[in-house]
$ cat work11.txt   # compact mmCIF, N, CA and C atoms
# COMPACT_ATOMS: atom_id res chain seq x y z
N MET A 24 288.19 41.34 65.88
CA MET A 24 287.95 40.88 64.52
C MET A 24 286.44 40.91 64.26
N PRO A 25 285.98 41.80 63.39
CA PRO A 25 284.54 41.91 63.15
C PRO A 25 283.98 40.63 62.50
N CYS A 26 282.76 40.33 62.87
CA CYS A 26 282.11 39.11 62.37
C CYS A 26 280.99 39.40 61.40
N SER A 27 280.80 40.66 61.07
CA SER A 27 279.67 41.02 60.22
C SER A 27 279.81 40.54 58.78
N ASP A 28 281.04 40.25 58.36
CA ASP A 28 281.24 39.84 56.97
C ASP A 28 281.22 38.32 56.78
N LEU A 29 280.95 37.58 57.84
CA LEU A 29 280.87 36.12 57.71
C LEU A 29 279.57 35.72 57.02
N ASN A 30 279.59 34.59 56.36
CA ASN A 30 278.42 34.09 55.65
C ASN A 30 277.59 33.23 56.61
N TYR A 31 276.68 33.87 57.34
CA TYR A 31 275.91 33.17 58.37
C TYR A 31 274.98 32.10 57.81
N PRO A 32 274.35 32.31 56.65
CA PRO A 32 273.56 31.19 56.10
C PRO A 32 274.42 29.95 55.85
N ALA A 33 275.64 30.14 55.35
CA ALA A 33 276.55 29.00 55.12
C ALA A 33 276.93 28.35 56.44
N ILE A 34 277.17 29.16 57.47
CA ILE A 34 277.52 28.61 58.79
C ILE A 34 276.37 27.80 59.34
N ILE A 35 275.15 28.28 59.18
CA ILE A 35 273.97 27.56 59.68
C ILE A 35 273.77 26.25 58.91
N VAL A 36 273.90 26.30 57.59
CA VAL A 36 273.76 25.08 56.79
C VAL A 36 274.85 24.07 57.16
N ALA A 37 276.08 24.55 57.34
CA ALA A 37 277.18 23.67 57.74
C ALA A 37 276.91 23.05 59.11
N THR A 38 276.36 23.83 60.02
CA THR A 38 276.01 23.33 61.35
C THR A 38 274.97 22.22 61.24
N LEU A 39 273.91 22.46 60.50
CA LEU A 39 272.84 21.47 60.37
C LEU A 39 273.30 20.21 59.65
N ALA A 40 274.15 20.38 58.62
CA ALA A 40 274.67 19.21 57.90
C ALA A 40 275.55 18.37 58.82
N SER A 41 276.37 19.02 59.62
CA SER A 41 277.24 18.30 60.56
C SER A 41 276.44 17.60 61.63
N PHE A 42 275.39 18.25 62.10
CA PHE A 42 274.50 17.64 63.10
C PHE A 42 273.83 16.40 62.51
N ALA A 43 273.39 16.50 61.27
CA ALA A 43 272.77 15.35 60.59
C ALA A 43 273.78 14.22 60.40
N LEU A 44 275.02 14.58 60.05
CA LEU A 44 276.06 13.56 59.93
C LEU A 44 276.26 12.84 61.25
N GLY A 45 276.22 13.57 62.35
CA GLY A 45 276.35 12.96 63.67
C GLY A 45 275.24 11.98 63.96
N ALA A 46 274.02 12.33 63.56
CA ALA A 46 272.89 11.42 63.77
C ALA A 46 273.11 10.12 63.01
N ILE A 47 273.60 10.21 61.80
CA ILE A 47 273.87 9.01 60.99
C ILE A 47 275.07 8.24 61.57
N TRP A 48 276.12 8.97 61.91
CA TRP A 48 277.37 8.37 62.40
C TRP A 48 277.14 7.55 63.67
N TYR A 49 276.40 8.16 64.63
CA TYR A 49 276.22 7.53 65.93
C TYR A 49 274.96 6.69 66.04
N SER A 50 274.26 6.50 64.94
CA SER A 50 273.11 5.58 64.97
C SER A 50 273.32 4.49 63.94
N LEU A 51 273.21 4.83 62.67
CA LEU A 51 273.28 3.82 61.62
C LEU A 51 274.67 3.24 61.42
N LEU A 52 275.70 4.09 61.43
CA LEU A 52 277.04 3.61 61.08
C LEU A 52 277.76 2.94 62.25
N PHE A 53 277.83 3.62 63.39
CA PHE A 53 278.67 3.12 64.48
C PHE A 53 277.96 3.07 65.84
N GLY A 54 276.66 3.22 65.87
CA GLY A 54 275.94 3.32 67.14
C GLY A 54 276.17 2.16 68.09
N LYS A 55 275.98 0.94 67.62
CA LYS A 55 276.13 -0.22 68.50
C LYS A 55 277.57 -0.39 68.97
N LEU A 56 278.51 -0.25 68.06
CA LEU A 56 279.92 -0.39 68.40
C LEU A 56 280.35 0.71 69.37
N TRP A 57 279.89 1.93 69.13
CA TRP A 57 280.21 3.06 69.99
C TRP A 57 279.69 2.82 71.40
N MET A 58 278.44 2.38 71.52
CA MET A 58 277.88 2.09 72.85
C MET A 58 278.66 0.98 73.54
N ARG A 59 279.02 -0.06 72.79
CA ARG A 59 279.78 -1.16 73.38
C ARG A 59 281.13 -0.67 73.89
N GLU A 60 281.81 0.15 73.10
CA GLU A 60 283.11 0.67 73.51
C GLU A 60 283.00 1.58 74.74
N LEU A 61 281.88 2.24 74.89
CA LEU A 61 281.64 3.08 76.07
C LEU A 61 281.19 2.26 77.27
N GLY A 62 280.77 1.02 77.02
CA GLY A 62 280.23 0.19 78.10
C GLY A 62 278.83 0.60 78.49
N MET A 63 278.08 1.15 77.54
CA MET A 63 276.70 1.60 77.80
C MET A 63 275.71 0.71 77.07
N THR A 64 274.51 0.70 77.59
CA THR A 64 273.42 -0.06 76.98
C THR A 64 272.39 0.93 76.44
N PRO A 65 271.53 0.47 75.54
CA PRO A 65 270.46 1.35 75.06
C PRO A 65 269.56 1.85 76.21
N GLU A 66 269.39 1.03 77.22
CA GLU A 66 268.57 1.44 78.37
C GLU A 66 269.22 2.61 79.11
N GLN A 67 270.53 2.57 79.26
CA GLN A 67 271.24 3.67 79.91
C GLN A 67 271.14 4.95 79.08
N MET A 68 271.19 4.79 77.77
CA MET A 68 271.09 5.96 76.90
C MET A 68 269.70 6.60 77.01
N LYS A 69 268.68 5.78 77.18
CA LYS A 69 267.31 6.31 77.27
C LYS A 69 267.10 7.14 78.53
N GLY A 70 267.92 6.90 79.56
CA GLY A 70 267.78 7.65 80.81
C GLY A 70 268.38 9.04 80.74
N SER A 71 268.92 9.44 79.61
CA SER A 71 269.57 10.74 79.46
C SER A 71 268.57 11.80 79.04
N ASN A 72 268.90 13.04 79.32
CA ASN A 72 268.09 14.18 78.87
C ASN A 72 268.51 14.50 77.43
N MET A 73 267.91 13.81 76.48
CA MET A 73 268.32 13.93 75.08
C MET A 73 268.05 15.31 74.50
N ALA A 74 267.02 15.99 74.95
CA ALA A 74 266.75 17.34 74.45
C ALA A 74 267.91 18.27 74.81
N ARG A 75 268.39 18.17 76.05
CA ARG A 75 269.53 18.99 76.48
C ARG A 75 270.80 18.60 75.72
N ILE A 76 271.02 17.30 75.56
CA ILE A 76 272.22 16.83 74.86
C ILE A 76 272.20 17.29 73.40
N PHE A 77 271.08 17.08 72.71
CA PHE A 77 271.00 17.48 71.30
C PHE A 77 271.06 19.00 71.14
N GLY A 78 270.37 19.72 72.01
CA GLY A 78 270.39 21.18 71.94
C GLY A 78 271.78 21.75 72.15
N THR A 79 272.47 21.24 73.16
CA THR A 79 273.84 21.70 73.43
C THR A 79 274.78 21.30 72.30
N THR A 80 274.59 20.10 71.77
CA THR A 80 275.41 19.66 70.63
C THR A 80 275.22 20.59 69.44
N LEU A 81 274.00 20.97 69.16
CA LEU A 81 273.72 21.87 68.05
C LEU A 81 274.42 23.22 68.25
N VAL A 82 274.35 23.76 69.47
CA VAL A 82 275.01 25.04 69.76
C VAL A 82 276.53 24.91 69.61
N LEU A 83 277.11 23.83 70.15
CA LEU A 83 278.56 23.65 70.06
C LEU A 83 279.01 23.40 68.63
N THR A 84 278.19 22.73 67.84
CA THR A 84 278.51 22.52 66.43
C THR A 84 278.48 23.86 65.69
N PHE A 85 277.54 24.72 66.04
CA PHE A 85 277.52 26.07 65.46
C PHE A 85 278.80 26.82 65.82
N VAL A 86 279.25 26.69 67.07
CA VAL A 86 280.49 27.35 67.50
C VAL A 86 281.66 26.86 66.65
N MET A 87 281.71 25.56 66.37
CA MET A 87 282.80 25.02 65.55
C MET A 87 282.70 25.51 64.11
N ALA A 88 281.50 25.56 63.55
CA ALA A 88 281.33 26.06 62.18
C ALA A 88 281.69 27.54 62.12
N PHE A 89 281.29 28.29 63.12
CA PHE A 89 281.65 29.71 63.21
C PHE A 89 283.17 29.85 63.30
N GLY A 90 283.80 29.04 64.13
CA GLY A 90 285.25 29.08 64.26
C GLY A 90 285.95 28.74 62.96
N MET A 91 285.43 27.76 62.23
CA MET A 91 286.02 27.39 60.94
C MET A 91 285.89 28.56 59.96
N ALA A 92 284.76 29.23 59.97
CA ALA A 92 284.58 30.40 59.10
C ALA A 92 285.58 31.49 59.46
N MET A 93 285.81 31.69 60.75
CA MET A 93 286.79 32.69 61.19
C MET A 93 288.21 32.29 60.76
N LEU A 94 288.55 31.01 60.88
CA LEU A 94 289.88 30.54 60.47
C LEU A 94 290.07 30.72 58.96
N LEU A 95 289.06 30.36 58.20
CA LEU A 95 289.16 30.50 56.75
C LEU A 95 289.35 31.96 56.36
N ARG A 96 288.62 32.84 57.02
CA ARG A 96 288.74 34.27 56.72
C ARG A 96 290.11 34.80 57.15
N ALA A 97 290.60 34.33 58.31
CA ALA A 97 291.89 34.81 58.82
C ALA A 97 293.04 34.39 57.91
N HIS A 98 292.88 33.29 57.21
CA HIS A 98 293.92 32.82 56.30
C HIS A 98 293.74 33.39 54.90
N ASP A 99 292.83 34.35 54.77
CA ASP A 99 292.59 35.01 53.48
C ASP A 99 292.51 33.98 52.36
N MET A 100 291.54 33.12 52.48
CA MET A 100 291.38 32.03 51.52
C MET A 100 290.63 32.53 50.29
N SER A 101 291.14 33.61 49.69
CA SER A 101 290.50 34.11 48.47
C SER A 101 290.60 33.02 47.40
N GLY A 102 289.56 32.88 46.66
CA GLY A 102 289.53 31.83 45.65
C GLY A 102 289.28 30.47 46.24
N ILE A 103 288.75 30.43 47.45
CA ILE A 103 288.48 29.15 48.09
C ILE A 103 287.39 28.41 47.32
N THR A 104 287.55 27.12 47.24
CA THR A 104 286.56 26.25 46.61
C THR A 104 286.10 25.25 47.66
N TRP A 105 285.12 24.44 47.28
CA TRP A 105 284.67 23.41 48.23
C TRP A 105 285.80 22.44 48.53
N MET A 106 286.67 22.16 47.56
CA MET A 106 287.77 21.22 47.77
C MET A 106 288.82 21.79 48.71
N ARG A 107 289.15 23.06 48.54
CA ARG A 107 290.10 23.70 49.46
C ARG A 107 289.52 23.78 50.86
N GLY A 108 288.24 24.07 50.96
CA GLY A 108 287.58 24.10 52.26
C GLY A 108 287.57 22.72 52.91
N LEU A 109 287.29 21.70 52.11
CA LEU A 109 287.31 20.32 52.61
C LEU A 109 288.70 19.98 53.15
N ARG A 110 289.72 20.24 52.37
CA ARG A 110 291.10 19.93 52.80
C ARG A 110 291.48 20.70 54.06
N PHE A 111 291.08 21.96 54.12
CA PHE A 111 291.37 22.77 55.31
C PHE A 111 290.68 22.19 56.53
N GLY A 112 289.40 21.84 56.38
CA GLY A 112 288.65 21.25 57.50
C GLY A 112 289.23 19.92 57.94
N LEU A 113 289.63 19.08 56.99
CA LEU A 113 290.24 17.79 57.34
C LEU A 113 291.57 18.00 58.06
N PHE A 114 292.35 18.98 57.59
CA PHE A 114 293.62 19.27 58.25
C PHE A 114 293.40 19.71 59.70
N VAL A 115 292.48 20.63 59.91
CA VAL A 115 292.17 21.09 61.27
C VAL A 115 291.68 19.91 62.11
N GLY A 116 290.82 19.10 61.53
CA GLY A 116 290.29 17.95 62.25
C GLY A 116 291.37 16.96 62.67
N ILE A 117 292.27 16.64 61.75
CA ILE A 117 293.33 15.67 62.05
C ILE A 117 294.38 16.27 62.98
N ALA A 118 294.91 17.45 62.61
CA ALA A 118 296.04 18.02 63.33
C ALA A 118 295.68 18.56 64.71
N LEU A 119 294.48 19.08 64.87
CA LEU A 119 294.11 19.68 66.15
C LEU A 119 293.15 18.81 66.95
N ILE A 120 292.04 18.45 66.36
CA ILE A 120 291.01 17.73 67.11
C ILE A 120 291.38 16.26 67.31
N GLY A 121 291.70 15.56 66.23
CA GLY A 121 292.02 14.14 66.35
C GLY A 121 293.22 13.90 67.25
N ALA A 122 294.26 14.71 67.09
CA ALA A 122 295.45 14.55 67.92
C ALA A 122 295.15 14.86 69.38
N SER A 123 294.41 15.92 69.64
CA SER A 123 294.05 16.27 71.01
C SER A 123 293.20 15.18 71.67
N MET A 124 292.23 14.68 70.92
CA MET A 124 291.40 13.60 71.46
C MET A 124 292.26 12.36 71.72
N GLY A 125 293.20 12.09 70.83
CA GLY A 125 294.07 10.93 71.01
C GLY A 125 294.85 11.01 72.30
N ILE A 126 295.38 12.18 72.63
CA ILE A 126 296.11 12.36 73.88
C ILE A 126 295.19 12.09 75.07
N ASN A 127 293.99 12.69 75.04
CA ASN A 127 293.05 12.48 76.14
C ASN A 127 292.67 11.01 76.28
N TYR A 128 292.39 10.35 75.16
CA TYR A 128 291.96 8.95 75.21
C TYR A 128 293.08 8.05 75.72
N LEU A 129 294.33 8.38 75.44
CA LEU A 129 295.45 7.60 75.98
C LEU A 129 295.48 7.66 77.50
N TYR A 130 295.37 8.86 78.05
CA TYR A 130 295.41 9.02 79.50
C TYR A 130 294.15 8.46 80.17
N GLN A 131 293.03 8.52 79.47
CA GLN A 131 291.78 7.99 80.02
C GLN A 131 291.65 6.49 79.83
N ARG A 132 292.63 5.89 79.16
CA ARG A 132 292.65 4.45 78.89
C ARG A 132 291.46 3.98 78.06
N LYS A 133 291.01 4.86 77.15
CA LYS A 133 289.92 4.50 76.25
C LYS A 133 290.50 3.76 75.05
N SER A 134 289.66 2.99 74.41
CA SER A 134 290.13 2.13 73.32
C SER A 134 290.43 2.92 72.05
N PHE A 135 291.29 2.34 71.23
CA PHE A 135 291.58 2.90 69.91
C PHE A 135 290.31 2.94 69.08
N THR A 136 289.47 1.92 69.21
CA THR A 136 288.22 1.87 68.44
C THR A 136 287.33 3.06 68.78
N LEU A 137 287.20 3.37 70.08
CA LEU A 137 286.38 4.51 70.48
C LEU A 137 286.98 5.80 69.95
N TRP A 138 288.31 5.93 70.03
CA TRP A 138 288.95 7.12 69.48
C TRP A 138 288.68 7.22 67.98
N ALA A 139 288.79 6.11 67.25
CA ALA A 139 288.59 6.12 65.80
C ALA A 139 287.17 6.56 65.46
N ILE A 140 286.19 6.10 66.22
CA ILE A 140 284.80 6.49 65.97
C ILE A 140 284.61 7.98 66.26
N ASP A 141 285.02 8.42 67.45
CA ASP A 141 284.80 9.81 67.85
C ASP A 141 285.64 10.79 67.04
N ALA A 142 286.93 10.50 66.89
CA ALA A 142 287.79 11.39 66.12
C ALA A 142 287.40 11.36 64.64
N GLY A 143 287.03 10.19 64.15
CA GLY A 143 286.58 10.09 62.77
C GLY A 143 285.40 10.98 62.48
N TYR A 144 284.47 11.03 63.43
CA TYR A 144 283.30 11.92 63.26
C TYR A 144 283.75 13.38 63.25
N GLN A 145 284.58 13.76 64.22
CA GLN A 145 285.02 15.15 64.30
C GLN A 145 285.77 15.57 63.04
N ILE A 146 286.67 14.72 62.58
CA ILE A 146 287.44 15.02 61.37
C ILE A 146 286.50 15.12 60.16
N SER A 147 285.56 14.19 60.07
CA SER A 147 284.62 14.19 58.94
C SER A 147 283.75 15.43 58.94
N PHE A 148 283.22 15.80 60.11
CA PHE A 148 282.31 16.94 60.09
C PHE A 148 283.05 18.26 59.92
N LEU A 149 284.30 18.33 60.36
CA LEU A 149 285.06 19.55 60.07
C LEU A 149 285.38 19.65 58.58
N GLY A 150 285.64 18.52 57.95
CA GLY A 150 285.81 18.51 56.50
C GLY A 150 284.53 18.96 55.80
N LEU A 151 283.40 18.46 56.27
CA LEU A 151 282.10 18.84 55.71
C LEU A 151 281.84 20.34 55.89
N ILE A 152 282.12 20.83 57.08
CA ILE A 152 281.95 22.27 57.32
C ILE A 152 282.84 23.08 56.37
N GLY A 153 284.09 22.69 56.26
CA GLY A 153 285.00 23.39 55.36
C GLY A 153 284.52 23.36 53.91
N ALA A 154 284.03 22.21 53.48
CA ALA A 154 283.54 22.09 52.11
C ALA A 154 282.33 23.00 51.86
N ILE A 155 281.42 23.02 52.82
CA ILE A 155 280.22 23.87 52.65
C ILE A 155 280.61 25.34 52.66
N LEU A 156 281.46 25.73 53.59
CA LEU A 156 281.88 27.14 53.64
C LEU A 156 282.65 27.51 52.38
N GLY A 157 283.49 26.61 51.89
CA GLY A 157 284.25 26.88 50.68
C GLY A 157 283.37 26.98 49.45
N ALA A 158 282.38 26.11 49.36
CA ALA A 158 281.47 26.13 48.21
C ALA A 158 280.62 27.38 48.20
N TRP A 159 280.32 27.89 49.38
CA TRP A 159 279.40 29.02 49.51
C TRP A 159 280.14 30.35 49.52
N HIS A 160 281.44 30.31 49.39
CA HIS A 160 282.28 31.52 49.50
C HIS A 160 282.03 32.49 48.37

$ encode --input "work11.txt" --output "structure tokens"
Amino acid sequence: MPCSDLNYPAIIVATLASFALGAIWYSLLFGKLWMRELGMTPEQMKGSNMARIFGTTLVLTFVMAFGMAMLLRAHDMSGITWMRGLRFGLFVGIALIGASMGINYLYQRKSFTLWAIDAGYQISFLGLIGAILGAWH
């Protein structure tokens, strides 16, 4: 499947917007609760290689935005709008990512709260990616 016809500027903007959403989600909105649910302290977080974590996150977010663009194109979403893209992204987030994470979190004995925070972010940013790709179509 050739990739030359994908809208790479839209994919990059969607990647950056999703990365920014993650910064807000895991700091201002749910940072303290997320750390508590993980059993981590701010001191433990400071001991991490944040450049590697953020860099890898950015690359993986690009992969997801690229994948969403491929899915939208494969479904021949002619006439796609930002709303159709949003709904498509939310569907993928809920049906594939949220459900998959839920299964893993059950077996790992992680809390519902942690799942809600993490899956909520994934679902939200896939919706955002879909909306941006749909608006830019």

$ residues_near_point --input "work11.txt" --point "(285.3, 26.1, 50.4)" --cutoff "9 Å" --atoms "only C-alpha atoms" --output "list in words"
Leu95, Met100, Gly102, Ile103, Thr104, Trp105, Met106, Arg107, Gly108, Leu109, Arg110, Phe111, Ile152, Gly153, Ala154, Ile155, Leu156, Gly157, Ala158, Trp159 and His160 of chain A

$ residues_around --input "work11.txt" --residues "stretch 85-91 of chain A" --least-positions-apart "2" --cutoff "6 Å" --atoms "only C-alpha atoms" --output "ChimeraX atom specification"
/A:34,38,82-83,93-94

$ atom_distance --input "work11.txt" --atom1 "atom CA of A:Asn72" --atom2 "atom C of A:Leu149"
27.2 Å

$ atom_distance --input "work11.txt" --atom1 "atom N of A:Gly54" --atom2 "atom CA of A:Val115"
24.1 Å

$ closest_residue --input "work11.txt" --among "A:Ala92, A:Ile120, A:Thr84, A:Leu151" --to "A:Leu29" --atoms "only N, CA and C atoms"
A:Ala92

$ axis_aligned_box --input "work11.txt" --around "stretch 67-80 of chain A" --padding-each-side "5 Å" --output "AutoDock Vina command-line options"
--center_x 271.1 --center_y 12.2 --center_z 75.1 --size_x 18.7 --size_y 29.2 --size_z 21.4

$ residues_around --input "work11.txt" --residues "stretch 124-127 of chain A" --least-positions-apart "2" --cutoff "12 Å" --atoms "only C-alpha atoms" --output "ChimeraX atom specification"
/A:116-122,129-146

$ select_by_dssp --input "work11.txt" --residues "stretch 55-88 of chain A" --states "alpha helix (DSSP H)" --output "list of chain:residue names"
A:Lys55, A:Leu56, A:Trp57, A:Met58, A:Arg59, A:Glu60, A:Leu61, A:Pro65, A:Glu66, A:Gln67, A:Met68, A:Lys69, A:Met73, A:Ala74, A:Arg75, A:Ile76, A:Phe77, A:Gly78, A:Thr79, A:Thr80, A:Leu81, A:Val82, A:Leu83, A:Thr84, A:Phe85, A:Val86, A:Met87, A:Ala88

$ atom_distance --input "work11.txt" --atom1 "atom N of A:Gly112" --atom2 "atom C of A:Trp57"
26.1 Å
